[in-house]
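With CSV, C-alpha atoms inside, this is start.csv:
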```csv
chain,number,residue,atom,x,y,z
A,197,MET,CA,63.9,21.7,-47.9
A,198,GLU,CA,66.0,24.6,-49.1
A,199,GLU,CA,63.3,25.9,-51.5
A,200,SER,CA,60.7,26.4,-48.9
A,201,SER,CA,59.9,29.6,-47.0
A,202,PRO,CA,58.4,29.7,-43.5
A,203,ASP,CA,54.7,30.5,-43.3
A,204,SER,CA,53.0,32.5,-40.5
A,205,GLY,CA,53.1,29.5,-38.2
A,206,GLY,CA,56.7,28.5,-38.5
A,207,ASN,CA,55.9,25.6,-40.8
A,208,GLU,CA,57.5,25.2,-44.2
A,209,ALA,CA,55.2,25.3,-47.2
A,210,ARG,CA,56.0,24.7,-50.8
A,211,GLU,CA,54.6,26.5,-53.8
A,212,PRO,CA,51.6,25.0,-55.8
A,213,HIS,CA,52.0,23.0,-59.0
A,214,GLU,CA,51.1,24.8,-62.1
A,215,GLY,CA,49.2,22.0,-63.7
A,216,ILE,CA,46.3,21.2,-61.4
A,217,ASP,CA,43.8,23.8,-60.3
A,218,ALA,CA,44.7,26.0,-57.3
A,219,ASP,CA,45.8,23.0,-55.2
A,220,GLY,CA,49.1,22.6,-57.1
A,221,GLY,CA,52.3,21.0,-55.8
A,222,ASP,CA,55.9,20.1,-56.5
A,223,CYS,CA,56.4,16.6,-55.0
A,224,ASN,CA,56.4,13.8,-57.5
A,225,GLY,CA,54.0,10.9,-57.0
A,226,ASP,CA,53.8,7.6,-58.8
A,227,GLY,CA,50.6,8.1,-60.8
A,228,GLY,CA,51.7,5.6,-63.5
A,229,GLU,CA,50.4,2.6,-61.7
A,230,ASP,CA,48.3,0.5,-64.1
A,231,ARG,CA,44.7,0.7,-63.0
A,232,SER,CA,44.1,-2.8,-64.2
A,233,GLU,CA,46.8,-4.4,-62.0
A,234,PRO,CA,45.1,-6.6,-59.5
A,235,SER,CA,46.1,-7.1,-55.9
A,236,GLU,CA,48.4,-10.2,-55.7
A,237,VAL,CA,46.6,-11.6,-52.6
A,238,GLY,CA,43.1,-13.0,-52.6
A,239,GLY,CA,40.4,-11.5,-54.7
A,240,SER,CA,37.7,-14.2,-54.7
A,241,PRO,CA,35.2,-14.6,-51.9
A,242,SER,CA,35.2,-17.8,-49.9
A,243,ALA,CA,32.0,-19.7,-49.4
A,244,SER,CA,30.2,-18.7,-46.2
A,245,GLY,CA,28.5,-21.4,-44.4
A,246,GLY,CA,26.6,-21.7,-41.2
A,247,ASP,CA,28.3,-22.0,-37.9
A,248,GLY,CA,26.0,-24.6,-36.6
A,249,GLY,CA,23.8,-22.1,-34.8
A,250,GLY,CA,21.7,-21.0,-37.8
A,251,ARG,CA,23.7,-17.8,-38.4
A,252,ALA,CA,25.4,-17.0,-41.7
A,253,GLY,CA,29.1,-16.9,-41.7
A,254,VAL,CA,31.1,-13.7,-42.7
A,255,SER,CA,34.0,-13.8,-45.1
A,256,ALA,CA,36.2,-11.2,-46.7
A,257,LYS,CA,35.3,-10.2,-50.3
A,258,PHE,CA,38.8,-9.0,-51.0
A,259,THR,CA,42.2,-9.3,-49.4
A,260,LEU,CA,44.2,-6.3,-50.5
A,261,GLY,CA,48.0,-5.8,-50.5
A,262,ASP,CA,50.7,-8.0,-49.1
A,263,THR,CA,53.2,-8.0,-46.2
A,264,SER,CA,56.0,-6.4,-48.3
A,265,GLU,CA,54.1,-3.1,-48.2
A,266,GLY,CA,54.3,-2.9,-44.4
A,267,GLU,CA,51.7,-2.3,-41.8
A,268,VAL,CA,48.5,-0.5,-42.6
A,269,PHE,CA,48.0,2.5,-40.3
A,270,CYS,CA,44.8,3.8,-41.7
A,271,ALA,CA,42.2,3.1,-44.4
A,272,ARG,CA,39.5,5.4,-45.7
A,273,PHE,CA,36.8,5.3,-48.5
A,274,SER,CA,36.6,8.2,-50.9
A,275,PRO,CA,33.4,10.4,-50.5
A,276,ASP,CA,31.9,8.7,-53.6
A,277,ASP,CA,32.9,5.2,-52.3
A,278,LEU,CA,34.7,4.4,-55.5
A,279,TYR,CA,38.2,4.1,-53.9
A,280,LEU,CA,39.7,2.8,-50.7
A,281,ALA,CA,43.0,4.4,-49.7
A,282,ALA,CA,45.4,2.7,-47.2
A,283,ALA,CA,48.3,4.4,-45.5
A,284,SER,CA,51.3,2.1,-45.1
A,285,GLY,CA,54.2,1.7,-42.8
A,286,CYS,CA,56.6,2.3,-45.7
A,287,GLY,CA,55.2,5.8,-46.3
A,288,SER,CA,53.3,5.1,-49.5
A,289,ILE,CA,49.5,5.4,-49.9
A,290,LEU,CA,47.9,2.5,-51.8
A,291,VAL,CA,44.6,3.3,-53.5
A,292,TYR,CA,42.3,0.5,-54.5
A,293,ASN,CA,39.2,0.3,-56.7
A,294,ALA,CA,36.4,-0.4,-54.1
A,295,LEU,CA,34.3,-2.4,-56.6
A,296,THR,CA,37.0,-4.8,-58.0
A,297,GLY,CA,39.6,-4.8,-55.2
A,298,LYS,CA,42.3,-4.1,-57.8
A,299,ARG,CA,45.0,-1.5,-57.0
A,300,ALA,CA,44.4,1.7,-58.9
A,301,PHE,CA,47.1,4.1,-57.8
A,302,VAL,CA,50.3,4.3,-55.6
A,303,LEU,CA,51.0,7.7,-54.0
A,304,LYS,CA,54.6,8.2,-52.9
A,305,CYS,CA,57.3,10.9,-53.0
A,306,GLY,CA,60.1,8.7,-54.2
A,307,GLN,CA,62.2,9.0,-51.0
A,308,GLU,CA,63.9,6.0,-49.5
A,309,ASP,CA,63.5,5.0,-45.8
A,310,ARG,CA,60.4,7.2,-45.3
A,311,LEU,CA,58.7,7.0,-41.9
A,312,PRO,CA,55.1,5.7,-41.9
A,313,THR,CA,52.1,7.6,-43.2
A,314,THR,CA,50.0,7.5,-40.1
A,315,GLN,CA,46.7,9.0,-41.1
A,316,LEU,CA,44.8,10.2,-44.2
A,317,ARG,CA,41.5,11.9,-45.0
A,318,TRP,CA,39.7,12.5,-48.3
A,319,ARG,CA,38.7,16.1,-48.9
A,320,PRO,CA,34.9,16.4,-48.6
A,321,GLN,CA,32.9,16.9,-51.8
A,322,GLN,CA,31.5,20.1,-50.4
A,323,ALA,CA,34.9,21.8,-50.7
A,324,LEU,CA,35.1,24.8,-53.0
A,325,SER,CA,37.9,23.5,-55.2
A,326,LYS,CA,37.0,22.0,-58.6
A,327,THR,CA,39.7,19.3,-58.3
A,328,LYS,CA,38.2,16.0,-57.1
A,329,ASN,CA,39.8,12.9,-55.6
A,330,VAL,CA,42.1,14.9,-53.3
A,331,LEU,CA,43.2,13.6,-50.0
A,332,VAL,CA,45.5,14.8,-47.3
A,333,SER,CA,48.0,12.6,-45.4
A,334,VAL,CA,50.3,13.1,-42.4
A,335,SER,CA,53.3,11.1,-41.4
A,336,ALA,CA,55.7,10.4,-38.5
A,337,ASP,CA,58.3,12.8,-40.0
A,338,GLY,CA,56.0,15.8,-39.5
A,339,ARG,CA,54.9,16.2,-43.1
A,340,VAL,CA,51.5,17.1,-44.4
A,341,LEU,CA,50.9,16.1,-48.0
A,342,HIS,CA,48.0,16.9,-50.3
A,343,TRP,CA,47.5,14.3,-53.1
A,344,HIS,CA,45.6,14.1,-56.3
A,345,ALA,CA,44.8,10.4,-56.3
A,346,SER,CA,43.8,10.1,-60.0
A,347,SER,CA,47.0,11.5,-61.3
A,348,GLY,CA,49.3,10.4,-58.5
A,349,LYS,CA,50.7,13.9,-58.0
A,350,CYS,CA,51.6,15.5,-54.7
A,351,LEU,CA,49.9,18.8,-54.8
A,352,HIS,CA,51.3,20.5,-51.8
A,353,GLU,CA,53.7,19.8,-48.9
A,354,ILE,CA,53.8,21.3,-45.4
A,355,VAL,CA,56.4,20.4,-42.8
A,356,GLU,CA,55.9,20.8,-39.1
A,357,PRO,CA,59.5,20.9,-37.7
A,358,ASP,CA,60.3,18.7,-34.7
A,359,ASN,CA,56.9,17.1,-34.7
A,360,GLN,CA,55.5,13.7,-35.4
A,361,LEU,CA,52.0,13.7,-36.8
A,362,PHE,CA,49.5,11.0,-36.0
A,363,CYS,CA,46.1,12.4,-37.0
A,364,VAL,CA,44.4,14.7,-39.4
A,365,ASP,CA,40.8,15.6,-40.2
A,366,TYR,CA,38.8,18.0,-42.4
A,367,MET,CA,36.1,20.4,-41.3
A,368,ALA,CA,32.7,19.2,-42.7
A,369,ASP,CA,32.7,21.8,-45.5
A,370,GLY,CA,36.4,21.1,-46.4
A,371,SER,CA,37.4,24.8,-45.8
A,372,GLN,CA,39.9,23.9,-43.1
A,373,PHE,CA,41.8,20.8,-41.9
A,374,ALA,CA,43.6,20.1,-38.6
A,375,THR,CA,46.7,18.0,-37.6
A,376,ALA,CA,48.0,16.8,-34.2
A,377,GLY,CA,50.7,14.6,-32.8
A,378,ARG,CA,53.7,14.7,-30.5
A,379,ARG,CA,53.5,18.4,-29.7
A,380,ARG,CA,50.3,18.0,-27.6
A,381,GLU,CA,48.7,20.9,-29.6
A,382,VAL,CA,46.4,21.2,-32.7
A,383,HIS,CA,47.3,23.0,-35.9
A,384,VAL,CA,44.5,24.3,-38.0
A,385,TYR,CA,45.1,25.2,-41.7
A,386,ASP,CA,43.2,27.0,-44.4
A,387,GLU,CA,42.5,24.5,-47.2
A,388,CYS,CA,42.6,27.1,-50.0
A,389,THR,CA,45.9,28.8,-49.0
A,390,LYS,CA,47.5,25.9,-47.0
A,391,LYS,CA,48.5,28.5,-44.4
A,392,LEU,CA,48.4,28.0,-40.7
A,393,ALA,CA,45.2,29.5,-39.4
A,394,ALA,CA,45.3,28.7,-35.7
A,395,VAL,CA,47.2,26.8,-33.0
A,396,LEU,CA,45.1,25.3,-30.3
A,397,SER,CA,47.0,24.5,-27.0
A,398,GLY,CA,46.4,24.5,-23.3
A,399,GLY,CA,43.0,24.7,-21.7
A,400,GLU,CA,40.5,26.8,-19.9
A,401,GLU,CA,41.5,27.5,-16.3
A,402,GLY,CA,39.7,25.4,-13.8
A,403,ARG,CA,38.4,23.0,-16.4
A,404,THR,CA,41.3,21.3,-18.2
A,405,PRO,CA,45.0,22.0,-18.8
A,406,GLY,CA,44.8,20.4,-22.3
A,407,HIS,CA,46.8,17.4,-23.3
A,408,SER,CA,49.8,16.3,-21.3
A,409,ASN,CA,51.0,13.6,-23.8
A,410,ARG,CA,50.8,12.8,-27.5
A,411,VAL,CA,47.6,13.3,-29.5
A,412,PHE,CA,46.6,10.2,-31.5
A,413,SER,CA,43.1,11.0,-32.7
A,414,LEU,CA,41.3,14.1,-34.0
A,415,LYS,CA,37.8,14.8,-35.2
A,416,PHE,CA,35.9,17.9,-36.2
A,417,HIS,CA,32.3,18.2,-35.0
A,418,PRO,CA,29.9,17.4,-38.0
A,419,THR,CA,27.7,20.5,-37.5
A,420,MET,CA,29.5,22.9,-35.1
A,421,ARG,CA,32.4,24.5,-37.1
A,422,SER,CA,34.3,25.8,-34.1
A,423,VAL,CA,34.4,22.6,-32.2
A,424,LEU,CA,36.8,19.6,-32.5
A,425,VAL,CA,37.7,16.7,-30.3
A,426,THR,CA,41.1,15.0,-29.7
A,427,GLY,CA,42.2,11.9,-27.9
A,428,GLY,CA,45.7,11.2,-26.5
A,429,TRP,CA,48.0,9.0,-24.6
A,430,ASP,CA,47.1,10.9,-21.4
A,431,ASN,CA,43.8,9.0,-21.3
A,432,THR,CA,41.7,12.1,-22.0
A,433,LEU,CA,39.4,13.4,-24.7
A,434,GLN,CA,39.9,17.2,-25.1
A,435,ILE,CA,37.1,19.4,-26.5
A,436,TRP,CA,38.5,22.4,-28.3
A,437,ASP,CA,36.9,25.7,-29.2
A,438,LEU,CA,38.5,27.3,-32.3
A,439,ARG,CA,37.1,30.7,-31.2
A,440,ARG,CA,39.1,30.6,-27.9
A,441,GLY,CA,42.1,28.7,-29.1
A,442,ASP,CA,42.2,26.2,-26.2
A,443,ALA,CA,40.4,23.2,-24.7
A,444,VAL,CA,37.2,24.0,-22.9
A,445,ARG,CA,36.3,20.5,-21.6
A,446,ALA,CA,37.9,17.2,-20.9
A,447,ILE,CA,36.6,13.6,-20.6
A,448,PHE,CA,38.9,11.3,-18.6
A,449,GLY,CA,39.2,7.7,-19.7
A,450,PRO,CA,39.9,4.6,-17.6
A,451,PRO,CA,43.2,4.4,-15.7
A,452,GLY,CA,46.0,2.7,-17.7
```
Do you think you could lay out the structure here as structure tokens?
Amino acid sequence: MEESSPDSGGNEAREPHEGIDADGGDCNGDGGEDRSEPSEVGGSPSASGGDGGGRAGVSAKFTLGDTSEGEVFCARFSPDDLYLAAASGCGSILVYNALTGKRAFVLKCGQEDRLPTTQLRWRPQQALSKTKNVLVSVSADGRVLHWHASSGKCLHEIVEPDNQLFCVDYMADGSQFATAGRRREVHVYDECTKKLAAVLSGGEEGRTPGHSNRVFSLKFHPTMRSVLVTGGWDNTLQIWDLRRGDAVRAIFGPPG
């Protein structure tokens, strides 16, 4: 990424695209996917009969995608429930119409042999930006990508060098988002500037040392802006305080 310049946290950030609000970007996505193109697998619900015990059976309404698109690492509904986005093992994000089950958009950067997109989140509707249908994704190659789903454009790209990212989440008001992965620490970014706002690592002495292995899940508290929770391969949940910059409590899971 020769055109990039390091930001305050050592991560590479690219300049915004001139065509879309303040979220802009320079990574080309495939927004030309025909909205009317149906998924090639399934699409009609099967009859649901009783199981002999008086209970109604449950059947899938739609079967989306096919095996050629790789494994699905994550699926999330948009805030208005109109779209369902799925992160695939080939690195692409497939966006489906939630009402019809038809594929609406394909988000990809056009690079061959990309590592999996491991997690994605739609930006909350409360966010200050006027641009809607924006989502953020992270991948196993350490990239954080902002997408405009409706146009297929990649709005912004951040690279965390020497890191594999497995999880991402937005603060409830959409003002910040956080990522985590192999490094055993949490990176918090400002949504407007896309700059690194904080790095959370370690723990409060006498309570928890923080994570000792990879972080695979992350979630902001829905009402307490300064609190988020992570879970990792070390069988612990770590509770982080953004005001302190470290973990303040830990919950230990069952032994492996």
Residue neighbourhood Arg317 (chain A), 10 Å, all atoms listed in the file, exclusion window fewer than 4 positions, as a ChimeraX atom specification: /A:270-275,281,330-334,342,363-366,373
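Residues surrounding Val395 (chain A) within 9 Å are A:Gly205, A:Glu381, A:Val382, A:His383, A:Val384, A:Leu392, A:Leu438, A:Gly441, A:Asp442 [only C-alpha atoms; sequence separation below 3 positions excluded].
Shortest separation to Arg379 (chain A) among A:Val268, A:Met420, A:Ala323, A:Leu361 occurs at residue A:Leu361, atoms counted being all atoms listed in the file.
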Take the point (44.5, 3.4, -50.5) in the file's coordinates, draw a sphere of radius 12 Å around it, and report as a ChimeraX atom specification every protein, DNA or RNA residue with an atom inside or on it, counting all atoms listed in the file. /A:235,260-261,265,268-274,277-284,287-294,297-304,313,315-318,329,331-333,343,345-346,348
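Proximity ranking of A:Val355, A:Leu295, A:Leu424, A:Val411 relative to Gly377 (chain A) places A:Val411 first, based on all atoms listed in the file.
Comparing the minimum interatomic distances between Asp369 (chain A) and each of A:Ala252, A:Ala446, A:Val423, A:Leu324, counting only C-alpha atoms, we find that A:Leu324 sits nearest.
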Can you work out the spacing between CA of His344 (chain A) and CA of Thr327 (chain A) in Å, to one decimal? 8.1 Å
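Considering only C-alpha atoms, the residue among A:Ser335, A:Ser347, A:Ser422, A:Ser413 positioned nearest to Gln372 (chain A) is A:Ser422.
Residue nearest Arg403 (chain A) within the list A:Arg440, A:Arg445, A:Arg421, A:Lys415: A:Arg445 [criterion: smallest interatomic distance, all atoms listed in the file].
Interatomic distance, CA of Gly427 (chain A) against CA of Arg378 (chain A): 12.1 Å.
If all atoms listed in the file are the atoms counted, then among A:Ala393, A:Val340, A:Ala368, A:Ala443 the closest residue to Arg380 (chain A) is A:Ala443.
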Suppose you want the space between CA of Thr375 (chain A) and CA of Leu414 (chain A); what is it in Å? 7.6 Å
Give me the residues near Val444 (chain A) as a ChimeraX atom specification, where near means some atom within 10 Å (using only C-alpha atoms) and where sequence neighbours in that chain fewer than 6 positions away do not count. /A:398-406,423,434-437
